[in-house]
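Q: Structure file my_file.pdb (PDB, C-alpha atoms) right here:
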```pdb
ATOM      1  CA  MET A1004     -40.722   5.359 -40.715  1.00  0.00           C
ATOM      2  CA  SER A1005     -40.306   3.583 -37.396  1.00  0.00           C
ATOM      3  CA  LYS A1006     -43.059   4.060 -34.850  1.00  0.00           C
ATOM      4  CA  LYS A1007     -43.137   3.294 -31.139  1.00  0.00           C
ATOM      5  CA  ILE A1008     -45.196   0.492 -29.563  1.00  0.00           C
ATOM      6  CA  LEU A1009     -45.730   0.224 -25.810  1.00  0.00           C
ATOM      7  CA  VAL A1010     -46.010  -3.467 -24.881  1.00  0.00           C
ATOM      8  CA  VAL A1011     -47.508  -4.053 -21.415  1.00  0.00           C
ATOM      9  CA  ASP A1012     -47.552  -7.404 -19.612  1.00  0.00           C
ATOM     10  CA  ASP A1013     -46.623  -8.677 -16.156  1.00  0.00           C
ATOM     11  CA  SER A1014     -45.180 -11.826 -17.771  1.00  0.00           C
ATOM     12  CA  LYS A1015     -41.550 -11.302 -18.758  1.00  0.00           C
ATOM     13  CA  THR A1016     -41.891 -14.188 -21.220  1.00  0.00           C
ATOM     14  CA  ALA A1017     -44.893 -12.606 -22.969  1.00  0.00           C
ATOM     15  CA  LEU A1018     -43.099  -9.237 -23.112  1.00  0.00           C
ATOM     16  CA  MET A1019     -40.008 -10.824 -24.610  1.00  0.00           C
ATOM     17  CA  MET A1020     -41.976 -12.834 -27.185  1.00  0.00           C
ATOM     18  CA  GLU A1021     -44.158  -9.945 -28.361  1.00  0.00           C
ATOM     19  CA  ARG A1022     -41.209  -7.558 -28.502  1.00  0.00           C
ATOM     20  CA  GLU A1023     -39.107 -10.068 -30.448  1.00  0.00           C
ATOM     21  CA  ILE A1024     -41.903 -10.744 -32.951  1.00  0.00           C
ATOM     22  CA  LEU A1025     -42.519  -7.042 -33.537  1.00  0.00           C
ATOM     23  CA  GLU A1026     -38.928  -5.888 -33.726  1.00  0.00           C
ATOM     24  CA  LYS A1027     -37.921  -8.733 -36.091  1.00  0.00           C
ATOM     25  CA  ARG A1028     -40.926  -8.473 -38.416  1.00  0.00           C
ATOM     26  CA  THR A1029     -41.596  -4.721 -38.453  1.00  0.00           C
ATOM     27  CA  SER A1030     -39.543  -1.536 -38.442  1.00  0.00           C
ATOM     28  CA  HIS A1031     -41.176  -0.388 -35.206  1.00  0.00           C
ATOM     29  CA  HIS A1032     -39.471   0.109 -31.842  1.00  0.00           C
ATOM     30  CA  CYS A1033     -40.904  -1.384 -28.640  1.00  0.00           C
ATOM     31  CA  VAL A1034     -40.851  -0.048 -25.095  1.00  0.00           C
ATOM     32  CA  THR A1035     -42.231  -2.150 -22.256  1.00  0.00           C
ATOM     33  CA  ALA A1036     -44.114  -1.844 -18.980  1.00  0.00           C
ATOM     34  CA  ALA A1037     -44.860  -4.537 -16.383  1.00  0.00           C
ATOM     35  CA  ASP A1038     -48.300  -3.397 -15.178  1.00  0.00           C
ATOM     36  CA  GLY A1039     -51.067  -0.903 -15.844  1.00  0.00           C
ATOM     37  CA  GLN A1040     -49.711   1.791 -13.560  1.00  0.00           C
ATOM     38  CA  GLU A1041     -46.324   1.706 -15.286  1.00  0.00           C
ATOM     39  CA  ALA A1042     -48.128   1.662 -18.658  1.00  0.00           C
ATOM     40  CA  VAL A1043     -49.961   4.916 -17.900  1.00  0.00           C
ATOM     41  CA  GLU A1044     -46.690   6.556 -16.800  1.00  0.00           C
ATOM     42  CA  LYS A1045     -44.734   5.282 -19.832  1.00  0.00           C
ATOM     43  CA  ALA A1046     -47.494   6.315 -22.239  1.00  0.00           C
ATOM     44  CA  GLN A1047     -47.256   9.876 -20.917  1.00  0.00           C
ATOM     45  CA  GLN A1048     -43.438   9.892 -21.113  1.00  0.00           C
ATOM     46  CA  GLU A1049     -42.872   7.962 -24.353  1.00  0.00           C
ATOM     47  CA  HIS A1050     -45.906   9.021 -26.464  1.00  0.00           C
ATOM     48  CA  PRO A1051     -46.228   5.639 -28.214  1.00  0.00           C
ATOM     49  CA  ASP A1052     -48.101   5.256 -31.490  1.00  0.00           C
ATOM     50  CA  LEU A1053     -49.804   2.053 -30.261  1.00  0.00           C
ATOM     51  CA  VAL A1054     -50.291   0.220 -26.941  1.00  0.00           C
ATOM     52  CA  LEU A1055     -50.549  -3.587 -26.679  1.00  0.00           C
ATOM     53  CA  MET A1056     -51.691  -4.349 -23.121  1.00  0.00           C
ATOM     54  CA  ASP A1057     -52.485  -7.384 -21.025  1.00  0.00           C
ATOM     55  CA  VAL A1058     -55.592  -7.266 -18.838  1.00  0.00           C
ATOM     56  CA  VAL A1059     -54.795  -9.284 -15.693  1.00  0.00           C
ATOM     57  CA  MET A1060     -51.847  -7.546 -14.000  1.00  0.00           C
ATOM     58  CA  PRO A1061     -50.829  -6.427 -10.496  1.00  0.00           C
ATOM     59  CA  ARG A1062     -51.214  -2.852  -9.165  1.00  0.00           C
ATOM     60  CA  MET A1063     -53.500  -1.732 -12.002  1.00  0.00           C
ATOM     61  CA  ASN A1064     -55.206  -3.994 -14.529  1.00  0.00           C
ATOM     62  CA  GLY A1065     -55.486  -3.306 -18.240  1.00  0.00           C
ATOM     63  CA  PHE A1066     -59.092  -2.063 -18.034  1.00  0.00           C
ATOM     64  CA  GLU A1067     -58.180   0.539 -15.404  1.00  0.00           C
ATOM     65  CA  ALA A1068     -55.080   1.622 -17.318  1.00  0.00           C
ATOM     66  CA  CYS A1069     -57.089   1.943 -20.522  1.00  0.00           C
ATOM     67  CA  LYS A1070     -59.679   4.131 -18.769  1.00  0.00           C
ATOM     68  CA  MET A1071     -56.940   6.340 -17.309  1.00  0.00           C
ATOM     69  CA  MET A1072     -55.267   6.766 -20.696  1.00  0.00           C
ATOM     70  CA  ARG A1073     -58.590   7.743 -22.262  1.00  0.00           C
ATOM     71  CA  GLN A1074     -59.088  10.452 -19.607  1.00  0.00           C
ATOM     72  CA  GLN A1075     -55.755  12.179 -20.251  1.00  0.00           C
ATOM     73  CA  PRO A1076     -55.385  14.526 -23.240  1.00  0.00           C
ATOM     74  CA  SER A1077     -51.821  13.353 -24.002  1.00  0.00           C
ATOM     75  CA  THR A1078     -52.828   9.675 -24.308  1.00  0.00           C
ATOM     76  CA  ARG A1079     -56.516   9.880 -25.257  1.00  0.00           C
ATOM     77  CA  GLU A1080     -56.010   9.209 -28.985  1.00  0.00           C
ATOM     78  CA  ILE A1081     -53.404   6.417 -28.784  1.00  0.00           C
ATOM     79  CA  PRO A1082     -54.840   3.137 -30.140  1.00  0.00           C
ATOM     80  CA  ILE A1083     -54.957   0.481 -27.402  1.00  0.00           C
ATOM     81  CA  VAL A1084     -55.195  -3.239 -28.128  1.00  0.00           C
ATOM     82  CA  LEU A1085     -55.865  -5.500 -25.161  1.00  0.00           C
ATOM     83  CA  VAL A1086     -53.927  -8.777 -25.484  1.00  0.00           C
ATOM     84  CA  THR A1087     -55.051 -11.346 -22.907  1.00  0.00           C
ATOM     85  CA  THR A1088     -55.796 -14.973 -22.139  1.00  0.00           C
ATOM     86  CA  ARG A1089     -59.290 -13.920 -21.043  1.00  0.00           C
ATOM     87  CA  GLY A1090     -61.542 -14.534 -24.032  1.00  0.00           C
ATOM     88  CA  GLU A1091     -64.857 -14.521 -22.168  1.00  0.00           C
ATOM     89  CA  GLU A1092     -67.508 -12.216 -23.590  1.00  0.00           C
ATOM     90  CA  SER A1093     -67.784 -10.321 -20.292  1.00  0.00           C
ATOM     91  CA  TYR A1094     -64.060  -9.493 -20.427  1.00  0.00           C
ATOM     92  CA  MET A1095     -64.303  -8.404 -24.051  1.00  0.00           C
ATOM     93  CA  GLU A1096     -67.269  -6.145 -23.241  1.00  0.00           C
ATOM     94  CA  ALA A1097     -65.384  -4.671 -20.279  1.00  0.00           C
ATOM     95  CA  GLY A1098     -62.394  -4.065 -22.543  1.00  0.00           C
ATOM     96  CA  PHE A1099     -64.364  -2.084 -25.095  1.00  0.00           C
ATOM     97  CA  GLN A1100     -66.211  -0.212 -22.315  1.00  0.00           C
ATOM     98  CA  SER A1101     -62.825   0.783 -20.877  1.00  0.00           C
ATOM     99  CA  GLY A1102     -61.939   2.376 -24.221  1.00  0.00           C
ATOM    100  CA  CYS A1103     -59.771  -0.149 -26.068  1.00  0.00           C
ATOM    101  CA  ASN A1104     -59.729  -0.133 -29.870  1.00  0.00           C
ATOM    102  CA  ASP A1105     -59.246  -3.876 -30.268  1.00  0.00           C
ATOM    103  CA  TYR A1106     -59.140  -7.064 -28.182  1.00  0.00           C
ATOM    104  CA  ILE A1107     -57.188 -10.233 -29.020  1.00  0.00           C
ATOM    105  CA  THR A1108     -56.535 -13.399 -27.073  1.00  0.00           C
ATOM    106  CA  LYS A1109     -53.328 -15.254 -26.241  1.00  0.00           C
ATOM    107  CA  PRO A1110     -51.476 -17.240 -27.287  1.00  0.00           C
ATOM    108  CA  VAL A1111     -50.715 -14.647 -29.925  1.00  0.00           C
ATOM    109  CA  ASN A1112     -49.970 -15.835 -33.434  1.00  0.00           C
ATOM    110  CA  GLY A1113     -46.955 -13.877 -34.696  1.00  0.00           C
ATOM    111  CA  ALA A1114     -48.342 -13.277 -38.181  1.00  0.00           C
ATOM    112  CA  GLU A1115     -51.689 -12.114 -36.779  1.00  0.00           C
ATOM    113  CA  LEU A1116     -49.965  -9.771 -34.326  1.00  0.00           C
ATOM    114  CA  VAL A1117     -47.850  -8.234 -37.082  1.00  0.00           C
ATOM    115  CA  ALA A1118     -50.931  -7.834 -39.324  1.00  0.00           C
ATOM    116  CA  LEU A1119     -52.839  -6.157 -36.484  1.00  0.00           C
ATOM    117  CA  VAL A1120     -49.968  -3.765 -35.758  1.00  0.00           C
ATOM    118  CA  GLN A1121     -49.637  -2.947 -39.454  1.00  0.00           C
ATOM    119  CA  SER A1122     -53.374  -2.218 -39.646  1.00  0.00           C
ATOM    120  CA  TYR A1123     -52.844   0.523 -37.033  1.00  0.00           C
ATOM    121  CA  LEU A1124     -49.363   1.754 -37.919  1.00  0.00           C
ATOM    122  CA  GLY A1125     -48.584   0.638 -41.446  1.00  0.00           C
ATOM    123  CA  GLU A1126     -45.085  -0.616 -42.321  1.00  0.00           C
TER     124      GLU A1126
END
```
The structure in this file should be written as structure tokens.

A:
Amino acid sequence: MSKKILVVDDSKTALMMEREILEKRTSHHCVTAADGQEAVEKAQQEHPDLVLMDVVMPRMNGFEACKMMRQQPSTREIPIVLVTTRGEESYMEAGFQSGCNDYITKPVNGAELVALVQSYLGE
């Protein structure tokens, strides 16, 4: 059964690549958002089964968006994976403190991304 993934990134290229990888290699449907603020709004509207979110974005970063989603009953239980170029330990710690379930770094390997998604959603 197809599930919904919210892919969040301010880079149109990253959004396109992640969406293409996921929609070609899984049965899941992707919706997108360009920043953390839009991600929080879309998560409330779309009720995704999984969120893949960048950290460094305009208006609201991924840490802030993750914290906001964890505070709202309608989005509290959605698994959130932060997907970012920032691999420093301090960023990873901040990610988990903000409430993310997982943290991976870019560039994203397609096979690894699909395996990660399948670990949360199955196929």

Q: Mind pulling up the distance from CA of Arg1073 (chain A) to CA of Gly1113 (chain A)?

A: 27.5 Å

Q: Using all atoms listed in the file, which protein or nucleic acid residues come within 12 Å of region 1015-1017 of chain A? Drop anything in the same chain fewer than 2 positions from it, and give the result as an MDAnalysis selection string.

A: chainID A and resid 1010:1013 1019:1024 1035:1038 1055:1057 1060 1086:1088 1109:1111 1113

Q: A:Glu1096, A:Asp1052, A:Glu1091, A:Asp1105: which is nearest Gly1125 (chain A), counting only C-alpha atoms?

A: A:Asp1052

Q: Check what the PyMOL selection byres ((chain A and resi 1068) around 12) selects in the file above and give those residues as a ChimeraX atom specification.

A: /A:1011-1012,1036-1047,1054-1067,1069-1075,1078-1079,1083-1085,1098,1101-1103

Q: Please report the interatomic distance between CA of Ala1114 (chain A) and CA of Arg1089 (chain A) in Å with one decimal.

A: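 The value is 20.3 Å.
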
Q: Would you place a box with edges along x, y and z of the file around all atoms of region 1074-1084 of chain A listed there, add 4 Å to each of its six sides, and report the centre and edge lengths in Å to one decimal, as lines of an AutoDock Vina configuration file?

A:
```
center_x = -55.5
center_y = 5.6
center_z = -24.9
size_x = 15.3
size_y = 25.8
size_z = 18.5
```

Q: Return the single residue from A:Pro1076, A:Tyr1094, A:Leu1116, A:Leu1124 that is closest to Lys1007 (chain A), with distances computed using all atoms listed in the file.

A: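 Of all the options, A:Leu1124 lies closest to Lys1007 (chain A).
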
Q: Between CA of Leu1053 (chain A) and CA of Glu1026 (chain A), what is the distance, to one decimal in Å?

A: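 So the two atoms, CA of Leu1053 (chain A) and CA of Glu1026 (chain A), lie 13.9 Å apart.
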
Q: Go through A:Ser1077, A:Lys1027, A:Ser1093, A:Phe1099 and flag the residue nearest Glu1049 (chain A), using all atoms listed in the file for the distances.

A: A:Ser1077

Q: May I ask which of the residues A:Ile1081, A:Met1004, A:Val1034, A:Ala1118 is the closest one to Asn1104 (chain A), counting only C-alpha atoms?

A: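 Result for the nearest residue to Asn1104 (chain A): A:Ile1081.
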
Q: Name the residues in contact with Thr1029 (chain A) at a cut-off of 9 Å, using all atoms listed in the file, excluding same-chain residues fewer than 4 positions from it; report them as a PyMOL selection string.

A: chain A and resi 1005+1024-1025+1117+1120-1121+1126
